[in-house]
Structure formats: C-alpha cells, structure tokens
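Student: I am sharing work_16.cif, which consists of mmCIF, C-alpha atoms and all ligand atoms:
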```cif
data_query
#
loop_
_atom_site.label_atom_id
_atom_site.label_comp_id
_atom_site.auth_asym_id
_atom_site.auth_seq_id
_atom_site.Cartn_x
_atom_site.Cartn_y
_atom_site.Cartn_z
CA MET A 979 -74.49 7.62 20.79
CA VAL A 980 -74.74 11.32 21.48
CA GLU A 981 -72.81 10.87 24.72
CA LEU A 982 -70.08 8.99 22.95
CA ARG A 983 -69.75 11.69 20.34
CA ARG A 984 -69.54 14.39 23.02
CA ARG A 985 -66.81 12.52 24.78
CA THR A 986 -64.85 12.22 21.54
CA VAL A 987 -65.13 15.94 20.93
CA LEU A 988 -63.99 16.67 24.46
CA LEU A 989 -60.99 14.36 24.17
CA THR A 990 -60.06 15.93 20.86
CA ALA A 991 -60.27 19.38 22.42
CA LEU A 992 -58.08 18.31 25.33
CA ALA A 993 -55.54 16.77 23.01
CA GLY A 994 -55.46 20.01 21.05
CA ALA A 995 -54.93 22.05 24.20
CA GLY A 996 -52.10 19.76 25.26
CA ALA A 997 -50.41 20.15 21.91
CA MET A 998 -50.69 23.91 22.17
CA VAL A 999 -49.11 23.93 25.60
CA LEU A 1000 -46.28 21.71 24.39
CA SER A 1001 -45.56 23.84 21.36
CA ALA A 1002 -45.77 27.02 23.44
CA CYS A 1003 -43.09 25.68 25.79
CA GLY A 1004 -40.84 24.74 22.92
CA SER A 1005 -41.17 27.90 20.89
CA ASP A 1006 -38.81 30.81 20.68
CA PRO A 1007 -40.27 33.95 22.34
CA ASP A 1008 -39.39 35.87 19.16
CA GLU A 1009 -41.78 33.72 17.21
CA SER A 1010 -44.72 33.84 19.58
CA SER A 1011 -46.61 36.33 17.43
CA ASP A 1012 -46.58 33.99 14.45
CA ASP A 1013 -49.74 32.09 13.73
CA ALA A 1014 -47.57 29.19 12.64
CA PRO A 1015 -46.24 26.65 15.11
CA ALA A 1016 -42.51 27.14 15.63
CA ASP A 1017 -41.76 23.44 15.40
CA VAL A 1018 -43.44 22.91 12.04
CA SER A 1019 -41.85 20.26 9.90
CA ALA A 1020 -39.92 21.41 6.85
CA ASP A 1021 -38.62 17.99 5.88
CA GLY A 1022 -41.17 17.26 3.18
CA THR A 1023 -43.28 14.93 5.30
CA VAL A 1024 -46.71 14.43 3.78
CA SER A 1025 -49.46 13.48 6.19
CA ILE A 1026 -53.02 12.40 5.49
CA ALA A 1027 -55.85 14.45 6.99
CA PRO A 1028 -59.00 12.71 8.28
CA ASP A 1029 -60.77 13.68 5.04
CA GLY A 1030 -58.11 11.88 2.99
CA THR A 1031 -56.42 15.02 1.75
CA GLN A 1032 -52.64 14.93 1.69
CA GLU A 1033 -51.08 17.73 3.70
CA VAL A 1034 -47.64 19.19 3.24
CA THR A 1035 -46.00 22.29 4.66
CA VAL A 1036 -43.45 24.42 2.86
CA LEU A 1037 -41.46 27.15 4.59
CA VAL A 1038 -39.98 30.33 3.19
CA ARG A 1039 -37.42 32.48 4.95
CA ASP A 1040 -35.24 35.51 4.27
CA ASP A 1041 -33.49 33.75 1.43
CA TYR A 1042 -34.49 32.43 -1.95
CA ASP A 1043 -35.21 28.83 -1.15
CA PHE A 1044 -38.19 26.68 -0.30
CA TYR A 1045 -37.96 24.30 2.67
CA PRO A 1046 -38.28 21.61 1.45
CA ALA A 1047 -37.43 22.30 -2.17
CA ALA A 1048 -38.71 18.85 -3.13
CA PHE A 1049 -41.48 16.61 -1.86
CA THR A 1050 -43.57 13.77 -3.17
CA VAL A 1051 -47.32 13.29 -3.09
CA THR A 1052 -49.63 10.69 -4.59
CA ALA A 1053 -52.08 11.69 -7.30
CA GLY A 1054 -55.17 13.09 -5.60
CA ARG A 1055 -56.11 15.93 -3.32
CA VAL A 1056 -53.36 18.04 -1.75
CA ARG A 1057 -53.52 20.77 0.88
CA LEU A 1058 -50.34 22.83 0.82
CA SER A 1059 -49.54 25.30 3.57
CA LEU A 1060 -46.95 27.96 2.92
CA ILE A 1061 -45.47 29.39 6.10
CA SER A 1062 -43.20 32.39 6.16
CA GLU A 1063 -40.46 32.57 8.73
CA ALA A 1064 -39.10 35.61 6.91
CA LYS A 1065 -38.78 38.93 8.66
CA GLU A 1066 -38.19 40.98 5.51
CA LEU A 1067 -38.92 39.18 2.28
CA THR A 1068 -42.34 38.74 0.71
CA HIS A 1069 -42.73 35.54 -1.30
CA ASN A 1070 -45.39 33.65 -3.16
CA PHE A 1071 -46.06 30.14 -4.43
CA ARG A 1072 -47.25 28.97 -7.79
CA PHE A 1073 -46.69 26.05 -10.10
CA THR A 1074 -44.56 27.28 -12.98
CA PRO A 1075 -46.88 27.63 -15.97
CA GLY A 1076 -46.10 25.09 -18.70
CA ALA A 1077 -43.47 23.29 -16.63
CA GLY A 1078 -45.44 20.26 -15.42
CA PRO A 1079 -47.39 17.38 -16.94
CA ALA A 1080 -50.58 19.37 -16.27
CA GLU A 1081 -51.46 22.86 -15.17
CA ILE A 1082 -52.24 23.54 -11.53
CA ALA A 1083 -53.89 26.94 -11.41
CA GLU A 1084 -54.13 27.30 -7.64
CA GLU A 1085 -51.53 29.58 -6.14
CA ILE A 1086 -50.71 31.73 -3.16
CA PRO A 1087 -50.22 35.08 -4.90
CA ILE A 1088 -48.50 36.87 -2.05
CA LEU A 1089 -47.26 35.99 1.42
CA ALA A 1090 -45.98 38.78 3.64
CA PRO A 1091 -43.21 38.15 6.19
CA GLY A 1092 -44.37 36.03 9.12
CA MET A 1093 -47.68 35.06 7.54
CA SER A 1094 -49.06 31.74 6.39
CA ASP A 1095 -51.60 30.67 3.81
CA THR A 1096 -53.04 27.42 2.53
CA MET A 1097 -54.10 26.24 -0.89
CA GLU A 1098 -55.83 23.06 -2.03
CA PHE A 1099 -55.76 21.40 -5.38
CA THR A 1100 -56.23 18.08 -7.08
CA VAL A 1101 -53.49 16.62 -9.23
CA ASP A 1102 -54.16 13.58 -11.43
CA GLN A 1103 -51.19 13.35 -13.77
CA PRO A 1104 -48.07 11.75 -12.29
CA GLY A 1105 -44.74 13.44 -12.91
CA ASP A 1106 -42.63 16.33 -11.72
CA TYR A 1107 -44.24 19.71 -11.20
CA GLN A 1108 -41.94 22.69 -10.81
CA PHE A 1109 -43.07 25.36 -8.40
CA GLU A 1110 -41.65 28.79 -7.85
CA CYS A 1111 -41.85 32.12 -6.13
CA SER A 1112 -42.56 34.31 -9.12
CA PHE A 1113 -40.92 37.30 -7.40
CA HIS A 1114 -37.60 35.50 -7.01
CA VAL A 1115 -37.56 32.82 -9.68
CA ALA A 1116 -34.63 34.60 -11.34
CA LEU A 1117 -32.73 34.11 -8.08
CA GLY A 1118 -33.42 30.39 -8.17
CA GLN A 1119 -36.38 30.17 -5.83
CA ILE A 1120 -37.87 27.04 -7.35
CA GLY A 1121 -38.76 23.56 -6.19
CA THR A 1122 -40.27 20.31 -7.39
CA MET A 1123 -43.39 18.44 -6.36
CA ALA A 1124 -43.18 14.87 -7.58
CA VAL A 1125 -46.55 13.18 -8.09
CA ALA A 1126 -46.63 9.41 -7.84
CA PRO A 1127 -49.45 7.40 -9.46
CA GLY A 1128 -52.47 7.07 -7.17
CU CU B 1201 -39.67 34.71 -3.07
#
```
Once you've parsed the file, please lay out its structure as structure tokens.
Tutor:
Amino acid sequence: MVELRRRTVLLTALAGAGAMVLSACGSDPDESSDDAPADVSADGTVSIAPDGTQEVTVLVRDDYDFYPAAFTVTAGRVRLSLISEAKELTHNFRFTPGAGPAEIAEEIPILAPGMSDTMEFTVDQPGDYQFECSFHVALGQIGTMAVAPG
C-alpha cells in the first residue's frame, strides 16, 4: 500500500514537471517572470479540484475589463484566482456590496501588475452576483458570476 502511494506521488510529480516544461516552451519570454502560466484559460471554464472545489480563473490587463466578464458556477465552494497580465494598472476583485442575492465578503483587496492571488468562498443562493474592481468600477470594470442551483 505504501509502495503504491509512493508510485502515485512520483507519477504526479513527473506529470507536473512535464506540464511545466510544456508551458515553458509555449510561453512568451516577456512573461517568464510571472508566477502565472502564460497559457492560462480566460474563457470562463470552471474545473473541479480533487477536493470538490470549483476553480475558475479571471484575468485583468491594462484595461478596465475582466476576462471573462461572466462565468457560471454551481452553488457550493469556489476557488477564484485573479491573475494580472497588466504592466501598469493595479486592480482588485470584490463582489459588489448589495448587488447579489447574498453577500460574499471575500475579496482580493489589491493586485499589483503581474501578480496573482486566490480567494475561496462558499455561495449557496443561486442567482447573478455582480463583481467589480472597486478602483475602476466607474470605468465599467464589472462582471457577473452566475450561480446555478447545486
Ligand atoms: Cu481595476
């Protein structure tokens, strides 16, 4: 049993190394200092982590949009990573107070250019939750997380 577990860990490590090599080959040299993979998905794809948590990645750049500006999760646990591909602008991420079916207090208060951060929260109430960058909400930097019934 112990041997089997060791082998699994080793295979996982090898798979991880392979993925790193692949992404290193495909990445732009300009972006090599980022801690974020250059080929990260910004299409709103939600994946399920081994612990059952839903994972979604949102990008910000040197404009006033979120990529994607809309995505859908199922009621439950969500891990949201905010990745900055900006070189100049500092952004943040929060759910607009009073704008959704329920409050989600978790936020990423500040994200400097080129950085990334992750937040986790649980959402139970289905519906549309508006999120925003509070620095640039007046410039239209908002988005919507739709929550489907679990
Ligand atoms: Cu912003």
Student: For ligand CU 1201 (chain B), return the neighbouring residues as a VMD selection string (distance at most 9 Å; all atoms listed in the file).
Tutor: chain A and resid 1038 to 1044 1067 to 1071 1089 1110 to 1115 1117 1119 to 1120
Student: Counting all atoms listed in the file, write as a ChimeraX atom specification all protein and nucleic acid residues lying at most 8 Å from (-50.8, 21.9, -4.9) in the file's frame.
Tutor: /A:1056-1058,1073,1082,1084-1085,1097-1101
Student: Within 6 Å of (-45.3, 26.9, 3.8) in the file's own coordinates, which protein, DNA or RNA residues have an atom, counting only C-alpha atoms? List them as a list in words.
Tutor: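 Final list of nearby residues, as requested, is Thr1035, Val1036, Leu1037, Ser1059, Leu1060 and Ile1061 of chain A.
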Student: Can you work out the spacing between CA of Pro1075 (chain A) and CA of Gly1030 (chain A) in Å, to one decimal?
Tutor: 27.1 Å
Student: Which polymer residues have any atom within 8 Å of an atom of Val1051 (chain A), counting only C-alpha atoms, with same-chain residues fewer than 3 positions away left out, as number ranges by chain?
Tutor: A: 1024, 1032, 1056, 1123-1126
Student: Between CA of Thr1096 (chain A) and CA of Gly1118 (chain A), what is the distance in Å, rounded to a tenth?
Tutor: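 About the pair CA of Thr1096 (chain A) and CA of Gly1118 (chain A): they are 22.5 Å apart.
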Student: Distance CA of Gly1022 (chain A)-CA of Tyr1045 (chain A), one decimal place?
Tutor: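 Pair CA of Gly1022 (chain A) / CA of Tyr1045 (chain A) returns 7.8 Å.
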Student: Can you pull out every residue within 12 Å of Gly1105 (chain A), counting all atoms listed in the file, but drop anything in the same chain fewer than 6 positions away, and send it as a list in words?
Tutor: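 Neighbouring residues, sequence-local ones excluded: Phe1049, Thr1050, Val1051, Thr1052, Ala1053, Ala1077, Gly1078, Pro1079, Ala1080, Glu1081, Thr1122, Met1123, Ala1124, Val1125, Ala1126, Pro1127 and Gly1128 of chain A.
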Student: Go through A:Ala1027, A:Val1034, A:Ala1116, A:Ala1020 and flag the residue nearest Pro1046 (chain A), using only C-alpha atoms for the distances.
Tutor: A:Ala1020
Student: Contacts between region 1090-1093 of chain A and region 1014-1064 of chain A, please, where a residue of region 1014-1064 of chain A counts if it comes within 7 Å (with all atoms listed in the file); show its shortest atom pair and distance in Å to one decimal, rows by chain and ascending number, as CSV.
Tutor:
```
residue,atom,partner,partner_atom,distance
A:Ile1061,CA,A:Met1093,CA,6.3
A:Ser1062,CA,A:Gly1092,CA,4.8
A:Glu1063,CA,A:Gly1092,CA,5.2
A:Ala1064,CA,A:Pro1091,CA,4.9
```
Student: With N, CA and C atoms retained, output region 1060-1103 of chain A as an mmCIF file, in the first residue's frame.
Tutor:
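In the end it all went to decode-v7.cif:
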```
data_model
loop_
_atom_site.group_PDB
_atom_site.id
_atom_site.type_symbol
_atom_site.label_atom_id
_atom_site.label_comp_id
_atom_site.auth_asym_id
_atom_site.auth_seq_id
_atom_site.Cartn_x
_atom_site.Cartn_y
_atom_site.Cartn_z
ATOM 1 N N LEU A 1060 -7.291 35.308 -9.397
ATOM 2 C CA LEU A 1060 -7.229 36.546 -10.171
ATOM 3 C C LEU A 1060 -5.785 36.724 -10.612
ATOM 4 N N ILE A 1061 -5.589 36.776 -11.914
ATOM 5 C CA ILE A 1061 -4.236 36.860 -12.461
ATOM 6 C C ILE A 1061 -4.100 38.161 -13.239
ATOM 7 N N SER A 1062 -3.078 38.899 -12.919
ATOM 8 C CA SER A 1062 -2.851 40.160 -13.620
ATOM 9 C C SER A 1062 -1.830 39.976 -14.731
ATOM 10 N N GLU A 1063 -2.260 40.308 -15.930
ATOM 11 C CA GLU A 1063 -1.338 40.404 -17.060
ATOM 12 C C GLU A 1063 -1.053 41.871 -17.360
ATOM 13 N N ALA A 1064 -1.427 42.737 -16.430
ATOM 14 C CA ALA A 1064 -1.186 44.170 -16.598
ATOM 15 C C ALA A 1064 0.279 44.495 -16.361
ATOM 16 N N LYS A 1065 0.751 45.515 -17.012
ATOM 17 C CA LYS A 1065 2.092 46.019 -16.754
ATOM 18 C C LYS A 1065 2.033 47.329 -15.965
ATOM 19 N N GLU A 1066 0.885 47.969 -15.961
ATOM 20 C CA GLU A 1066 0.784 49.279 -15.313
ATOM 21 C C GLU A 1066 -0.324 49.378 -14.276
ATOM 22 N N LEU A 1067 -1.481 48.823 -14.597
ATOM 23 C CA LEU A 1067 -2.643 49.070 -13.748
ATOM 24 C C LEU A 1067 -2.725 48.100 -12.564
ATOM 25 N N THR A 1068 -3.080 48.638 -11.429
ATOM 26 C CA THR A 1068 -3.392 47.844 -10.244
ATOM 27 C C THR A 1068 -4.904 47.685 -10.161
ATOM 28 N N HIS A 1069 -5.352 46.459 -9.932
ATOM 29 C CA HIS A 1069 -6.787 46.174 -9.876
ATOM 30 C C HIS A 1069 -7.123 45.490 -8.557
ATOM 31 N N ASN A 1070 -8.385 45.202 -8.393
ATOM 32 C CA ASN A 1070 -8.805 44.345 -7.287
ATOM 33 C C ASN A 1070 -10.058 43.590 -7.704
ATOM 34 N N PHE A 1071 -10.577 42.778 -6.792
ATOM 35 C CA PHE A 1071 -11.762 41.982 -7.095
ATOM 36 C C PHE A 1071 -12.606 41.885 -5.847
ATOM 37 N N ARG A 1072 -13.857 42.306 -5.995
ATOM 38 C CA ARG A 1072 -14.805 42.084 -4.904
ATOM 39 C C ARG A 1072 -16.197 41.935 -5.492
ATOM 40 N N PHE A 1073 -17.063 41.289 -4.745
ATOM 41 C CA PHE A 1073 -18.458 41.218 -5.141
ATOM 42 C C PHE A 1073 -19.127 42.510 -4.687
ATOM 43 N N THR A 1074 -19.787 43.169 -5.623
ATOM 44 C CA THR A 1074 -20.378 44.473 -5.356
ATOM 45 C C THR A 1074 -21.356 44.366 -4.183
ATOM 46 N N PRO A 1075 -21.107 45.110 -3.125
ATOM 47 C CA PRO A 1075 -21.988 45.017 -1.948
ATOM 48 C C PRO A 1075 -23.440 45.339 -2.320
ATOM 49 N N GLY A 1076 -24.352 44.502 -1.881
ATOM 50 C CA GLY A 1076 -25.778 44.737 -2.096
ATOM 51 C C GLY A 1076 -26.287 44.397 -3.485
ATOM 52 N N ALA A 1077 -25.416 43.883 -4.354
ATOM 53 C CA ALA A 1077 -25.823 43.673 -5.748
ATOM 54 C C ALA A 1077 -26.238 42.232 -6.048
ATOM 55 N N GLY A 1078 -25.988 41.310 -5.145
ATOM 56 C CA GLY A 1078 -26.309 39.911 -5.414
ATOM 57 C C GLY A 1078 -27.371 39.383 -4.483
ATOM 58 N N PRO A 1079 -27.800 38.153 -4.702
ATOM 59 C CA PRO A 1079 -28.808 37.525 -3.844
ATOM 60 C C PRO A 1079 -28.322 37.363 -2.399
ATOM 61 N N ALA A 1080 -27.006 37.314 -2.213
ATOM 62 C CA ALA A 1080 -26.431 37.197 -0.874
ATOM 63 C C ALA A 1080 -25.075 37.883 -0.898
ATOM 64 N N GLU A 1081 -24.594 38.248 0.258
ATOM 65 C CA GLU A 1081 -23.287 38.893 0.332
ATOM 66 C C GLU A 1081 -22.174 37.844 0.267
ATOM 67 N N ILE A 1082 -21.136 38.160 -0.464
ATOM 68 C CA ILE A 1082 -19.915 37.362 -0.438
ATOM 69 C C ILE A 1082 -18.814 38.310 0.018
ATOM 70 N N ALA A 1083 -18.344 38.112 1.222
ATOM 71 C CA ALA A 1083 -17.426 39.081 1.839
ATOM 72 C C ALA A 1083 -15.992 38.925 1.348
ATOM 73 N N GLU A 1084 -15.636 37.723 0.888
ATOM 74 C CA GLU A 1084 -14.261 37.504 0.467
ATOM 75 C C GLU A 1084 -13.927 38.424 -0.712
ATOM 76 N N GLU A 1085 -12.700 38.880 -0.730
ATOM 77 C CA GLU A 1085 -12.269 39.756 -1.813
ATOM 78 C C GLU A 1085 -10.759 39.670 -1.954
ATOM 79 N N ILE A 1086 -10.286 40.196 -3.063
ATOM 80 C CA ILE A 1086 -8.848 40.389 -3.249
ATOM 81 C C ILE A 1086 -8.660 41.896 -3.272
ATOM 82 N N PRO A 1087 -8.219 42.483 -2.157
ATOM 83 C CA PRO A 1087 -8.277 43.937 -1.998
ATOM 84 C C PRO A 1087 -7.378 44.707 -2.951
ATOM 85 N N ILE A 1088 -6.269 44.079 -3.354
ATOM 86 C CA ILE A 1088 -5.358 44.786 -4.254
ATOM 87 C C ILE A 1088 -4.499 43.769 -4.989
ATOM 88 N N LEU A 1089 -4.301 44.023 -6.275
ATOM 89 C CA LEU A 1089 -3.479 43.121 -7.089
ATOM 90 C C LEU A 1089 -2.593 43.977 -7.993
ATOM 91 N N ALA A 1090 -1.313 44.000 -7.663
ATOM 92 C CA ALA A 1090 -0.355 44.801 -8.416
ATOM 93 C C ALA A 1090 -0.131 44.191 -9.798
ATOM 94 N N PRO A 1091 0.379 44.979 -10.735
ATOM 95 C CA PRO A 1091 0.642 44.465 -12.086
ATOM 96 C C PRO A 1091 1.498 43.204 -12.056
ATOM 97 N N GLY A 1092 1.089 42.196 -12.819
ATOM 98 C CA GLY A 1092 1.867 40.978 -12.959
ATOM 99 C C GLY A 1092 1.707 39.980 -11.832
ATOM 100 N N MET A 1093 0.909 40.304 -10.838
ATOM 101 C CA MET A 1093 0.757 39.411 -9.688
ATOM 102 C C MET A 1093 -0.493 38.541 -9.843
ATOM 103 N N SER A 1094 -0.615 37.581 -8.925
ATOM 104 C CA SER A 1094 -1.840 36.789 -8.887
ATOM 105 C C SER A 1094 -2.203 36.514 -7.433
ATOM 106 N N ASP A 1095 -3.465 36.263 -7.220
ATOM 107 C CA ASP A 1095 -3.939 35.965 -5.862
ATOM 108 C C ASP A 1095 -5.166 35.072 -5.992
ATOM 109 N N THR A 1096 -5.483 34.387 -4.923
ATOM 110 C CA THR A 1096 -6.587 33.431 -4.935
ATOM 111 C C THR A 1096 -7.474 33.659 -3.730
ATOM 112 N N MET A 1097 -8.763 33.544 -3.937
ATOM 113 C CA MET A 1097 -9.714 33.617 -2.832
ATOM 114 C C MET A 1097 -10.659 32.443 -2.912
ATOM 115 N N GLU A 1098 -11.191 32.040 -1.756
ATOM 116 C CA GLU A 1098 -12.141 30.935 -1.698
ATOM 117 C C GLU A 1098 -13.367 31.366 -0.938
ATOM 118 N N PHE A 1099 -14.498 30.917 -1.408
ATOM 119 C CA PHE A 1099 -15.740 31.259 -0.723
ATOM 120 C C PHE A 1099 -16.776 30.192 -1.025
ATOM 121 N N THR A 1100 -17.825 30.223 -0.234
ATOM 122 C CA THR A 1100 -18.953 29.321 -0.457
ATOM 123 C C THR A 1100 -20.164 30.169 -0.791
ATOM 124 N N VAL A 1101 -20.859 29.799 -1.846
ATOM 125 C CA VAL A 1101 -22.062 30.513 -2.240
ATOM 126 C C VAL A 1101 -23.218 29.515 -2.297
ATOM 127 N N ASP A 1102 -24.309 29.843 -1.609
ATOM 128 C CA ASP A 1102 -25.447 28.930 -1.514
ATOM 129 C C ASP A 1102 -26.654 29.390 -2.317
ATOM 130 N N GLN A 1103 -26.814 30.686 -2.426
ATOM 131 C CA GLN A 1103 -28.006 31.242 -3.076
ATOM 132 C C GLN A 1103 -27.784 31.360 -4.579
#
```
